[in-house]
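The next block is run-v1.cif, given as mmCIF, C-alpha atoms and all ligand atoms.
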data_target
loop_
_atom_site.label_atom_id
_atom_site.label_comp_id
_atom_site.auth_asym_id
_atom_site.auth_seq_id
_atom_site.Cartn_x
_atom_site.Cartn_y
_atom_site.Cartn_z
CA MET A 24 118.08 149.25 185.09
CA ASN A 25 119.12 147.42 188.25
CA LEU A 26 122.70 146.49 189.09
CA TYR A 27 122.16 142.82 188.20
CA GLU A 28 121.04 143.58 184.66
CA PHE A 29 123.62 146.31 184.27
CA SER A 30 126.38 143.90 185.33
CA ILE A 31 125.36 141.22 182.82
CA GLY A 32 125.24 143.84 180.07
CA LEU A 33 128.65 145.15 181.09
CA LEU A 34 130.26 141.70 181.02
CA LYS A 35 128.82 141.02 177.56
CA GLN A 36 129.72 144.45 176.27
CA HIS A 37 133.38 143.99 177.15
CA GLN A 38 133.75 140.47 175.83
CA VAL A 39 136.18 140.62 172.94
CA PRO A 40 134.87 139.04 169.68
CA GLY A 41 137.34 136.13 170.11
CA GLY A 42 135.67 135.30 173.47
CA SER A 43 138.06 136.67 176.10
CA PHE A 44 137.50 139.40 178.71
CA PRO A 45 140.00 142.09 179.70
CA ALA A 46 140.11 142.19 183.53
CA SER A 47 139.13 145.86 183.44
CA PRO A 48 138.46 147.86 180.29
CA ALA A 49 139.42 151.08 182.11
CA PHE A 50 142.71 150.21 183.82
CA SER A 51 145.87 150.18 181.72
CA ALA A 52 147.55 147.21 183.46
CA TYR A 53 144.38 145.06 183.24
CA GLN A 54 144.01 144.69 179.49
CA TYR A 55 144.98 141.03 179.77
CA CYS A 56 142.53 138.20 180.20
CA TRP A 57 143.30 136.26 183.38
CA LEU A 58 141.99 132.68 183.41
CA ARG A 59 140.86 133.23 187.02
CA ASP A 60 138.85 136.43 186.37
CA GLY A 61 137.69 135.17 182.99
CA THR A 62 136.35 131.86 184.25
CA PHE A 63 134.28 133.46 187.01
CA THR A 64 133.04 136.00 184.48
CA ALA A 65 131.97 133.20 182.16
CA TYR A 66 130.39 131.38 185.11
CA ALA A 67 128.36 134.48 186.00
CA LEU A 68 127.14 134.64 182.40
CA ASP A 69 126.27 130.95 182.59
CA VAL A 70 124.20 131.33 185.76
CA ALA A 71 122.50 134.33 184.16
CA GLY A 72 121.55 132.14 181.17
CA GLU A 73 123.97 133.80 178.70
CA ARG A 74 125.12 130.46 177.35
CA GLU A 75 126.76 131.53 174.09
CA ALA A 76 128.81 134.27 175.74
CA ALA A 77 130.14 131.73 178.25
CA ALA A 78 130.83 129.22 175.45
CA GLY A 79 132.80 131.86 173.57
CA TYR A 80 135.10 132.29 176.54
CA TYR A 81 135.74 128.55 176.95
CA ARG A 82 136.47 128.23 173.22
CA TRP A 83 138.98 131.06 173.60
CA VAL A 84 140.73 129.34 176.53
CA HIS A 85 140.83 126.12 174.51
CA LYS A 86 142.50 127.86 171.55
CA THR A 87 144.91 129.64 173.88
CA ILE A 88 146.00 126.42 175.57
CA ILE A 89 146.47 124.67 172.23
CA ARG A 90 148.65 127.54 171.05
CA HIS A 91 150.88 127.13 174.13
CA LEU A 92 150.72 123.33 174.37
CA HIS A 93 154.35 123.03 173.27
CA LYS A 94 155.40 124.55 176.62
CA PHE A 95 153.89 121.60 178.45
CA TYR A 96 155.81 119.15 176.26
CA THR A 97 159.01 121.07 176.91
CA LEU A 98 158.38 120.90 180.66
CA LEU A 99 157.79 117.16 180.52
CA ALA A 100 160.92 116.57 178.44
CA ARG A 101 163.03 118.64 180.85
CA ARG A 102 161.60 116.86 183.86
CA GLN A 103 162.40 113.47 182.29
CA ARG A 104 165.99 114.56 181.69
CA GLY A 105 166.29 115.93 185.24
CA LEU A 106 166.70 119.55 184.08
CA PRO A 107 165.46 122.49 186.21
CA LEU A 108 161.94 123.78 185.57
CA SER A 109 162.12 127.55 185.85
CA ALA A 110 158.95 129.60 186.33
CA GLU A 111 158.90 131.09 182.83
CA LEU A 112 158.60 127.63 181.26
CA PHE A 113 155.09 127.14 182.69
CA TRP A 114 151.81 128.27 181.14
CA HIS A 115 150.97 131.88 181.95
CA CYS A 116 148.07 132.90 184.17
CA ARG A 117 146.98 135.68 181.79
CA TYR A 118 147.12 136.35 178.06
CA THR A 119 146.45 139.23 175.73
CA THR A 120 142.89 139.06 174.51
CA ASP A 121 144.25 137.45 171.34
CA SER A 122 146.05 134.71 173.28
CA TRP A 123 149.65 135.91 173.44
CA GLU A 124 151.78 135.94 176.57
CA GLY A 125 152.50 139.25 178.27
CA SER A 126 156.01 140.56 178.73
CA GLU A 127 155.71 142.44 182.07
CA PRO A 128 157.94 141.11 184.84
CA TRP A 129 154.94 139.84 186.84
CA GLY A 130 154.46 136.39 188.38
CA HIS A 131 153.18 134.42 185.40
CA PHE A 132 153.20 130.93 186.86
CA GLN A 133 149.86 130.37 188.64
CA LEU A 134 147.93 127.12 188.60
CA ASP A 135 144.58 128.21 190.06
CA GLY A 136 143.22 129.60 186.77
CA TYR A 137 143.73 126.24 185.06
CA GLY A 138 141.83 124.44 187.82
CA ALA A 139 139.12 127.08 187.53
CA TYR A 140 138.96 126.49 183.75
CA LEU A 141 138.16 122.78 184.26
CA TRP A 142 135.59 123.61 186.92
CA GLY A 143 133.97 126.31 184.77
CA VAL A 144 133.73 123.99 181.76
CA ALA A 145 131.99 121.35 183.89
CA GLU A 146 129.51 124.00 185.08
CA HIS A 147 128.97 125.14 181.50
CA VAL A 148 128.51 121.68 180.02
CA LYS A 149 125.86 120.69 182.57
CA ARG A 150 123.78 123.66 181.40
CA ARG A 151 123.97 122.78 177.69
CA ALA A 152 121.63 120.44 175.83
CA ASP A 153 124.55 119.55 173.51
CA GLY A 154 127.08 119.23 176.33
CA ASP A 155 128.81 116.16 174.88
CA GLU A 156 129.45 117.85 171.56
CA PHE A 157 130.87 120.90 173.28
CA LEU A 158 133.11 118.72 175.41
CA THR A 159 134.44 116.96 172.32
CA GLU A 160 135.15 120.29 170.68
CA ILE A 161 137.49 121.39 173.48
CA GLN A 162 138.57 117.96 174.73
CA GLU A 163 142.22 118.33 173.71
CA SER A 164 142.80 121.34 175.94
CA LEU A 165 140.86 119.78 178.81
CA GLU A 166 142.96 116.62 178.72
CA ALA A 167 146.16 118.61 178.47
CA THR A 168 145.10 120.73 181.45
CA VAL A 169 144.29 117.64 183.50
CA SER A 170 147.72 116.15 182.75
CA TYR A 171 149.44 119.48 183.45
CA LEU A 172 147.78 119.86 186.86
CA LEU A 173 148.39 116.23 187.81
CA GLU A 174 152.05 116.70 186.95
CA PHE A 175 152.67 120.04 188.68
CA TRP A 176 150.19 120.64 191.50
CA GLN A 177 152.89 120.35 194.15
CA GLU A 178 155.17 122.99 192.54
CA PRO A 179 155.31 126.35 194.38
CA ASN A 180 153.64 129.01 192.20
CA PHE A 181 152.19 132.51 192.54
CA ASP A 182 148.96 132.77 194.51
CA CYS A 183 145.69 134.20 193.23
CA TRP A 184 146.95 137.68 194.23
CA GLU A 185 150.03 137.12 192.05
CA GLU A 186 152.34 137.06 195.05
CA ASN A 187 154.51 134.57 196.96
CA GLY A 188 155.72 132.53 194.01
CA ASP A 189 157.95 130.45 196.28
CA ARG A 190 155.08 128.86 198.21
CA VAL A 191 152.18 126.44 197.81
CA HIS A 192 148.81 128.07 198.49
CA LEU A 193 145.61 126.49 199.76
CA SER A 194 143.24 128.39 197.51
CA THR A 195 145.32 127.27 194.51
CA LEU A 196 145.17 123.64 195.67
CA ALA A 197 141.40 124.00 196.11
CA ALA A 198 141.04 125.25 192.52
CA VAL A 199 143.17 122.38 191.22
CA TYR A 200 141.16 119.88 193.27
CA GLY A 201 137.79 121.31 192.26
CA GLY A 202 138.71 121.44 188.59
CA LEU A 203 140.06 117.89 188.46
CA GLN A 204 137.20 116.50 190.49
CA ARG A 205 134.47 118.09 188.39
CA ILE A 206 135.96 117.39 184.99
CA SER A 207 136.49 113.72 185.91
CA GLU A 208 132.71 113.35 186.07
CA LEU A 209 132.63 114.21 182.36
CA LEU A 210 135.97 112.87 181.15
CA PRO A 211 136.82 109.91 183.39
CA ASP A 212 140.53 109.51 184.03
CA PRO A 213 141.78 106.89 186.52
CA ARG A 214 144.58 109.18 187.68
CA ILE A 215 142.22 111.83 189.07
CA ALA A 216 140.61 110.17 192.12
CA PRO A 217 143.93 109.22 193.76
CA ALA A 218 145.37 112.69 193.02
CA CYS A 219 142.36 114.42 194.55
CA ALA A 220 142.62 112.21 197.65
CA GLU A 221 146.29 113.14 197.85
CA ILE A 222 145.58 116.89 197.55
CA ARG A 223 143.00 116.68 200.28
CA ALA A 224 145.31 114.74 202.61
CA PHE A 225 148.13 117.17 201.81
CA VAL A 226 145.98 120.17 202.79
CA GLU A 227 144.85 118.47 205.97
CA ARG A 228 148.42 117.58 206.90
CA HIS A 229 150.19 120.85 206.01
CA GLY A 230 147.46 123.48 205.72
CA VAL A 231 145.90 123.64 209.18
CA ALA A 232 147.09 125.61 212.22
CA ASN A 233 145.16 126.56 215.37
CA GLY A 234 142.23 124.56 214.11
CA ARG A 235 141.76 126.55 210.88
CA PHE A 236 143.09 126.62 207.33
CA ILE A 237 146.07 128.83 206.52
CA LYS A 238 146.97 131.04 203.56
CA SER A 239 149.97 129.03 202.33
CA LEU A 240 152.25 126.27 203.49
CA GLY A 241 154.50 127.88 206.07
CA ASN A 242 152.33 131.02 206.36
CA PRO A 243 149.61 130.75 209.03
CA ALA A 244 147.89 134.03 208.08
CA VAL A 245 144.24 134.03 207.08
CA ASP A 246 143.31 134.96 203.53
CA ALA A 247 139.85 135.60 202.12
CA SER A 248 140.62 133.34 199.16
CA LEU A 249 140.37 130.42 201.62
CA LEU A 250 136.62 130.67 200.99
CA TRP A 251 137.36 128.81 197.74
CA LEU A 252 137.94 125.67 199.81
CA THR A 253 134.16 125.49 200.12
CA VAL A 254 132.69 127.64 197.38
CA PRO A 255 132.95 126.71 194.68
CA PHE A 256 135.66 124.06 194.75
CA ASP A 257 134.16 121.83 197.41
CA LEU A 258 137.32 120.59 199.05
CA PHE A 259 135.72 120.96 202.51
CA ALA A 260 132.08 121.39 203.47
CA ALA A 261 130.77 124.74 204.72
CA ASP A 262 130.19 123.22 208.16
CA ASP A 263 133.61 121.54 208.47
CA ALA A 264 134.89 122.81 211.87
CA ARG A 265 138.17 124.00 210.32
CA MET A 266 136.25 125.94 207.67
CA VAL A 267 133.91 127.46 210.25
CA ARG A 268 136.95 128.70 212.21
CA THR A 269 138.54 130.01 209.00
CA VAL A 270 135.43 132.04 208.23
CA ALA A 271 135.37 133.32 211.82
CA ALA A 272 138.96 134.54 211.30
CA ILE A 273 137.97 136.19 207.99
CA GLU A 274 135.15 137.98 209.83
CA ALA A 275 137.40 139.01 212.72
CA ASP A 276 140.56 140.02 210.86
CA LEU A 277 139.43 140.95 207.34
CA CYS A 278 135.88 142.24 207.44
CA THR A 279 135.16 145.95 207.99
CA GLY A 280 131.80 145.90 206.23
CA GLY A 281 133.52 144.74 203.04
CA VAL A 282 136.16 141.99 202.98
CA HIS A 283 139.92 142.62 202.69
CA ARG A 284 142.34 140.14 201.11
CA TYR A 285 144.80 139.28 203.95
CA PRO A 286 146.15 141.13 207.00
CA SER A 287 149.47 142.34 205.54
CA ASP A 288 148.01 143.55 202.21
CA VAL A 289 149.52 146.92 201.23
CA PHE A 290 148.15 147.06 197.63
CA TYR A 291 146.39 150.45 197.43
CA GLY A 292 146.64 150.51 201.25
CA GLY A 293 144.71 147.23 201.59
CA GLY A 294 141.09 148.22 200.98
CA ALA A 295 137.91 146.12 200.93
CA TRP A 296 137.11 144.08 197.81
CA PRO A 297 133.54 143.82 196.50
CA LEU A 298 134.33 140.52 194.79
CA LEU A 299 135.49 138.95 198.08
CA THR A 300 132.53 140.38 199.93
CA ALA A 301 130.22 138.70 197.43
CA TRP A 302 132.27 135.53 197.88
CA LEU A 303 131.72 135.55 201.64
CA GLY A 304 128.00 135.97 200.94
CA TRP A 305 128.15 132.97 198.60
CA TYR A 306 129.72 130.93 201.41
CA TYR A 307 127.00 131.98 203.88
CA LEU A 308 124.26 130.99 201.47
CA GLN A 309 125.87 127.57 201.19
CA ALA A 310 126.06 127.46 205.01
CA GLY A 311 122.36 128.35 205.25
CA GLN A 312 122.92 131.84 206.73
CA ARG A 313 120.86 133.94 204.37
CA GLU A 314 120.64 137.06 206.52
CA ARG A 315 124.38 137.53 206.64
CA ALA A 316 124.55 136.88 202.90
CA GLN A 317 121.99 139.63 202.35
CA GLU A 318 124.01 142.12 204.42
CA LEU A 319 127.08 141.39 202.33
CA LEU A 320 125.11 141.72 199.10
CA ASP A 321 123.81 145.10 200.28
CA TRP A 322 127.34 146.23 201.01
CA VAL A 323 128.46 145.25 197.49
CA GLU A 324 125.55 147.10 195.88
CA ALA A 325 126.42 150.23 197.85
CA GLN A 326 129.89 150.30 196.23
CA ALA A 327 128.56 150.85 192.69
CA ASP A 328 129.18 154.39 191.40
CA GLU A 329 126.58 156.55 189.65
CA ARG A 330 127.13 154.61 186.40
CA GLY A 331 126.69 151.28 188.21
CA CYS A 332 130.38 150.30 188.02
CA LEU A 333 132.03 148.24 190.78
CA PRO A 334 135.74 148.64 191.54
CA GLU A 335 138.42 146.13 192.46
CA GLN A 336 138.63 147.65 195.93
CA VAL A 337 137.36 150.60 197.97
CA PRO A 338 139.38 152.57 200.54
CA GLU A 339 137.26 151.41 203.48
CA GLY A 340 139.05 150.38 206.69
CA LEU A 341 142.42 150.58 204.93
CA LEU A 342 144.88 148.18 206.54
CA PHE A 343 147.83 150.46 205.64
CA PRO A 344 146.42 153.93 204.81
CA GLU A 345 149.89 155.40 204.31
CA GLU A 346 150.51 152.98 201.43
CA ARG A 347 147.56 154.03 199.27
CA LYS A 348 149.01 157.17 197.72
CA ARG A 349 152.00 155.55 196.05
CA TRP A 350 149.73 153.16 194.15
CA VAL A 351 147.34 155.93 193.11
CA ASP A 352 150.30 158.05 191.98
CA GLN A 353 151.66 155.21 189.87
CA TRP A 354 148.48 153.65 188.41
CA GLY A 355 145.56 155.98 189.17
CA GLU A 356 142.54 154.93 191.28
CA PRO A 357 141.85 151.15 191.57
CA ALA A 358 140.39 149.46 188.50
CA ARG A 359 136.71 150.30 187.91
CA PRO A 360 134.78 148.57 186.51
CA LEU A 361 136.47 145.29 187.41
CA LEU A 362 134.64 142.58 185.47
CA TRP A 363 135.40 139.94 188.10
CA ALA A 364 133.70 142.11 190.75
CA HIS A 365 130.55 142.37 188.62
CA ALA A 366 130.72 138.64 187.98
CA MET A 367 130.81 137.75 191.68
CA TYR A 368 127.98 140.17 192.33
CA VAL A 369 125.88 138.43 189.65
CA VAL A 370 126.71 135.02 191.14
CA LEU A 371 125.62 136.03 194.65
CA LYS A 372 122.54 137.92 193.48
CA LYS A 373 121.40 134.99 191.35
CA GLU A 374 121.99 132.53 194.22
CA MET A 375 119.91 134.79 196.50
CA MET A 376 117.11 134.78 193.95
CA ARG A 377 117.24 130.97 193.72
CA ASN A 378 117.40 130.22 197.45
C1 LIG A 401 144.72 140.47 191.47
C2 LIG A 401 144.43 139.19 190.73
C3 LIG A 401 143.58 139.47 189.50
C4 LIG A 401 144.17 140.58 188.64
C5 LIG A 401 143.22 141.01 187.54
C6 LIG A 401 145.35 141.48 190.49
O1 LIG A 401 145.60 142.68 191.17
O2 LIG A 401 145.60 140.24 192.55
O3 LIG A 401 143.73 138.31 191.56
O4 LIG A 401 143.45 138.29 188.75
O5 LIG A 401 144.43 141.71 189.44
O6 LIG A 401 141.97 141.37 188.05
#

Could the structure of this file be written out as structure tokens, please?
Ligand code: BGC
Amino acid sequence: MNLYEFSIGLLKQHQVPGGSFPASPAFSAYQYCWLRDGTFTAYALDVAGEREAAAGYYRWVHKTIIRHLHKFYTLLARRQRGLPLSAELFWHCRYTTDSWEGSEPWGHFQLDGYGAYLWGVAEHVKRRADGDEFLTEIQESLEATVSYLLEFWQEPNFDCWEENGDRVHLSTLAAVYGGLQRISELLPDPRIAPACAEIRAFVERHGVANGRFIKSLGNPAVDASLLWLTVPFDLFAADDARMVRTVAAIEADLCTGGVHRYPSDVFYGGGAWPLLTAWLGWYYLQAGQRERAQELLDWVEAQADERGCLPEQVPEGLLFPEERKRWVDQWGEPARPLLWAHAMYVVLKKEMMRN
């Protein structure tokens, strides 16, 4: 069996009957379902034609949001009364596979997964013959998510690496933008177009330095998650000069064969991530540079172990080699298989087959 088929089988095999996906079945801290990982996993299943598996995930997110809807109402009531909105009042970025919040002291408040959810649903619905019915089934959570993002997109919250909760991050804004934009094509809402224009202007005003996009407001570093600004969230075109310079910086500062997250990353010594390497390939396909995309795909394939499993990261070109041991001592080797890594591999492979 090739890695593409193996990956699809693996994603389906680890989907919990209720529809969710643990981030990694083999890593103790990753038994939660993150909306970010989960949505890209469902998207990979969608592009592979596994419609019902993807639908199961979106139904699970819908139920999860409805269960926690009261938190949104509490936030709105507090905001109206001028009371502080502390981070724990917001919707969590990850849930147990049966939709409960986790209790670890991690950064729970992240908005990108909710933007991704809206985007993923739009991608799913366009592939269904009965798209309208499906949309109606989960409409309540979609509308609540739209209102939630419109209300809070400017709040500082943890980035997609679950760090820097005191800042506003460009990849998060891209996910919010992409989700709102795409869902408005299916569920028109007059508030969305002006908000999207505002997000875009905000990024252009505060998120550019030295002619390229930056990791977060006030932090000019490069970060591989900036790829999201083009693929898939379409905030800026692949050939936008600022995006081209951002990708040049990713190549120069973060690519050693595989792609690293950001220059000061110490997590497991700061290795190279298959999922980000596939993401860079996805960008190059969009930019019409197929050869480079193929090289990146080859690199990802070479990281699969003898069973075919892809890890979260590999210790290639470690940014901080001396940091690796303390993570291995505490948690064991990096998560493998990481479902999100298999998902991004499937996405790139399928795009290569199509193009
Ligand atoms: C990553 C997140 C990811 C989570 C589960 C964390 O280490 O920083 O981006 O969602 O793992 O895979």

Can you pull out every residue within 12 Å of A:Pro334, counting all atoms listed in the file, but drop anything in the same chain fewer than 3 positions away, and send it as a JSON list (two decimals) with C-alpha atoms, keeping the file's coordinate frame?
[["chain", "number", "residue", "atom", "x", "y", "z"],
["A", 46, "ALA", "CA", 140.11, 142.19, 183.53],
["A", 47, "SER", "CA", 139.13, 145.86, 183.44],
["A", 48, "PRO", "CA", 138.46, 147.86, 180.29],
["A", 49, "ALA", "CA", 139.42, 151.08, 182.11],
["A", 50, "PHE", "CA", 142.71, 150.21, 183.82],
["A", 294, "GLY", "CA", 141.09, 148.22, 200.98],
["A", 295, "ALA", "CA", 137.91, 146.12, 200.93],
["A", 296, "TRP", "CA", 137.11, 144.08, 197.81],
["A", 297, "PRO", "CA", 133.54, 143.82, 196.50],
["A", 298, "LEU", "CA", 134.33, 140.52, 194.79],
["A", 299, "LEU", "CA", 135.49, 138.95, 198.08],
["A", 323, "VAL", "CA", 128.46, 145.25, 197.49],
["A", 324, "GLU", "CA", 125.55, 147.10, 195.88],
["A", 325, "ALA", "CA", 126.42, 150.23, 197.85],
["A", 326, "GLN", "CA", 129.89, 150.30, 196.23],
["A", 327, "ALA", "CA", 128.56, 150.85, 192.69],
["A", 328, "ASP", "CA", 129.18, 154.39, 191.40],
["A", 330, "ARG", "CA", 127.13, 154.61, 186.40],
["A", 331, "GLY", "CA", 126.69, 151.28, 188.21],
["A", 337, "VAL", "CA", 137.36, 150.60, 197.97],
["A", 338, "PRO", "CA", 139.38, 152.57, 200.54],
["A", 356, "GLU", "CA", 142.54, 154.93, 191.28],
["A", 357, "PRO", "CA", 141.85, 151.15, 191.57],
["A", 358, "ALA", "CA", 140.39, 149.46, 188.50],
["A", 359, "ARG", "CA", 136.71, 150.30, 187.91],
["A", 360, "PRO", "CA", 134.78, 148.57, 186.51],
["A", 361, "LEU", "CA", 136.47, 145.29, 187.41],
["A", 362, "LEU", "CA", 134.64, 142.58, 185.47],
["A", 363, "TRP", "CA", 135.40, 139.94, 188.10],
["A", 364, "ALA", "CA", 133.70, 142.11, 190.75],
["A", 365, "HIS", "CA", 130.55, 142.37, 188.62],
["A", 366, "ALA", "CA", 130.72, 138.64, 187.98],
["A", 367, "MET", "CA", 130.81, 137.75, 191.68],
["A", 368, "TYR", "CA", 127.98, 140.17, 192.33]]

Task: Which of A:Ala247, A:Ala152, A:Cys56, A:Leu333 sits closest to ligand LIG 401 (chain A) [using all atoms listed in the file] - done: A:Cys56

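Minimum atom-to-atom distance to A:Thr253, evaluated using all atoms listed in the file, belongs to A:Ser194 out of A:Ala100, A:Phe132, A:Lys373, A:Ser194.
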
Task: Two-atom distance - atom CA of A:Asp182, atom CA of A:Pro45 (Å) - done: 19.7 Å

- [ ] Measuring atom to atom with all atoms listed in the file, identify which of A:Glu178, A:Asp69, A:Asp60, A:Glu127 is nearest to A:Val144.
- [x] A:Asp69

- [ ] Provide the atom CA of A:Arg205 to atom CA of A:Met376 distance in Å, to one decimal place.
- [x] 24.7 Å

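Omitting A:Gln38 and its sequence neighbours fewer than 2 positions away, and counting all atoms listed in the file, the residues within 10 Å are Leu33, Leu34, Lys35, Gln36, Pro40, Gly41, Gly42, Ser43, Phe44, Pro45, Pro48, Gly61, Thr64, Ala65, Ala76, Ala77, Gly79, Tyr80, Thr120 and Leu362 of chain A.
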
TODO: One decimal, Å: what's the distance from atom CA of A:Thr195 over to atom CA of A:Glu314, could you say?
DONE: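 Between atom CA of A:Thr195 and atom CA of A:Glu314 the gap is 29.1 Å.
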
Box for ligand LIG 401 (chain A) - axis-aligned, 8 Å on each of the six sides, all listed atoms - centre and size in Å to one decimal, as AutoDock Vina command-line options.
--center_x 143.8 --center_y 140.5 --center_z 190.0 --size_x 19.6 --size_y 20.4 --size_z 21.0

Open item on the list: Calculated over all atoms listed in the file, which of the candidates A:Leu92, A:Cys116, A:Val270, A:Met24 has the smallest distance to ligand LIG 401 (chain A)?
Closed with: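 Ranking A:Leu92, A:Cys116, A:Val270, A:Met24 by distance to ligand LIG 401 (chain A), first place goes to A:Cys116.
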
- [ ] Find the residues around stretch 135-138 of chain A up to 8 Å (only C-alpha atoms counted), leave out those fewer than 6 positions away in its own chain, and share them as a list in words.
- [x]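 Those residues are Trp57, Leu58, Arg59, Thr62, Cys116, Thr168, Leu172, Asp182, Cys183, Ser194, Thr195, Leu196, Ala198, Val199, Tyr200, Gly201, Gly202 and Leu203 of chain A.
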
- [ ] Would you kindly return, as number ranges by chain, each protein, DNA or RNA residue with an atom no farther than 8 Å from any atom of stretch 223-231 of chain A, considering all atoms listed in the file and excluding same-chain residues fewer than 5 positions away?
- [x] A: 193, 196, 200, 236-240, 258, 265

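The shortest atom-to-atom distance to A:Tyr81, with only C-alpha atoms taken into account, belongs to A:Gly143 out of A:Gly188, A:Gly143, A:Gly130, A:Pro107.
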
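Shortest separation to A:His192 among A:Ala244, A:Trp302, A:Gln204, A:Gly311 occurs at residue A:Ala244, atoms counted being only C-alpha atoms.
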
Task: Exercise: residues within 12 Å of coordinate (146.8, 154.0, 200.0), counting only C-alpha atoms, as a PyMOL selection string - done: chain A and resi 288-295+336-357

Kindly add all heavy atoms to the incomplete stretch 182-188 of chain A and provide the output as an mmCIF file, in the frame of the given file.
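Contents of out32.cif, freshly written:
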data_model
loop_
_atom_site.group_PDB
_atom_site.id
_atom_site.type_symbol
_atom_site.label_atom_id
_atom_site.label_comp_id
_atom_site.auth_asym_id
_atom_site.auth_seq_id
_atom_site.Cartn_x
_atom_site.Cartn_y
_atom_site.Cartn_z
ATOM 1 N N ASP A 182 150.331 132.945 194.026
ATOM 2 C CA ASP A 182 148.960 132.770 194.510
ATOM 3 C C ASP A 182 147.967 133.578 193.663
ATOM 4 O O ASP A 182 148.356 134.242 192.696
ATOM 5 C CB ASP A 182 148.868 133.120 196.009
ATOM 6 C CG ASP A 182 149.251 134.567 196.318
ATOM 7 O OD1 ASP A 182 149.113 135.443 195.436
ATOM 8 O OD2 ASP A 182 149.689 134.824 197.460
ATOM 9 N N CYS A 183 146.715 133.533 194.043
ATOM 10 C CA CYS A 183 145.690 134.200 193.230
ATOM 11 C C CYS A 183 145.825 135.723 193.291
ATOM 12 O O CYS A 183 145.186 136.430 192.510
ATOM 13 C CB CYS A 183 144.293 133.745 193.637
ATOM 14 S SG CYS A 183 143.874 134.174 195.339
ATOM 15 N N TRP A 184 146.665 136.226 194.198
ATOM 16 C CA TRP A 184 146.950 137.680 194.230
ATOM 17 C C TRP A 184 148.254 137.975 193.521
ATOM 18 O O TRP A 184 148.801 139.060 193.650
ATOM 19 C CB TRP A 184 146.970 138.196 195.680
ATOM 20 C CG TRP A 184 145.789 137.757 196.487
ATOM 21 C CD1 TRP A 184 145.801 137.165 197.717
ATOM 22 C CD2 TRP A 184 144.393 137.881 196.137
ATOM 23 N NE1 TRP A 184 144.530 136.898 198.143
ATOM 24 C CE2 TRP A 184 143.639 137.327 197.190
ATOM 25 C CE3 TRP A 184 143.706 138.392 195.027
ATOM 26 C CZ2 TRP A 184 142.246 137.272 197.181
ATOM 27 C CZ3 TRP A 184 142.321 138.325 195.009
ATOM 28 C CH2 TRP A 184 141.613 137.782 196.074
ATOM 29 N N GLU A 185 148.812 136.991 192.850
ATOM 30 C CA GLU A 185 150.030 137.120 192.050
ATOM 31 C C GLU A 185 151.246 137.419 192.912
ATOM 32 O O GLU A 185 152.126 138.191 192.524
ATOM 33 C CB GLU A 185 149.844 138.194 190.970
ATOM 34 C CG GLU A 185 148.446 138.138 190.373
ATOM 35 C CD GLU A 185 148.411 138.452 188.912
ATOM 36 O OE1 GLU A 185 148.715 137.541 188.113
ATOM 37 O OE2 GLU A 185 148.098 139.585 188.573
ATOM 38 N N GLU A 186 151.254 136.845 194.096
ATOM 39 C CA GLU A 186 152.340 137.060 195.050
ATOM 40 C C GLU A 186 152.867 135.707 195.537
ATOM 41 O O GLU A 186 152.245 134.675 195.299
ATOM 42 C CB GLU A 186 151.822 137.884 196.236
ATOM 43 C CG GLU A 186 151.394 139.292 195.820
ATOM 44 C CD GLU A 186 150.574 140.047 196.881
ATOM 45 O OE1 GLU A 186 150.026 139.409 197.801
ATOM 46 O OE2 GLU A 186 150.469 141.276 196.763
ATOM 47 N N ASN A 187 153.986 135.764 196.259
ATOM 48 C CA ASN A 187 154.510 134.570 196.960
ATOM 49 C C ASN A 187 154.733 133.373 196.045
ATOM 50 O O ASN A 187 154.264 132.266 196.320
ATOM 51 C CB ASN A 187 153.553 134.179 198.101
ATOM 52 C CG ASN A 187 153.256 135.347 199.027
ATOM 53 O OD1 ASN A 187 154.171 135.919 199.612
ATOM 54 N ND2 ASN A 187 151.987 135.730 199.125
ATOM 55 N N GLY A 188 155.477 133.592 194.991
ATOM 56 C CA GLY A 188 155.720 132.530 194.010
ATOM 57 C C GLY A 188 156.561 131.374 194.527
ATOM 58 O O GLY A 188 156.699 130.357 193.847
#
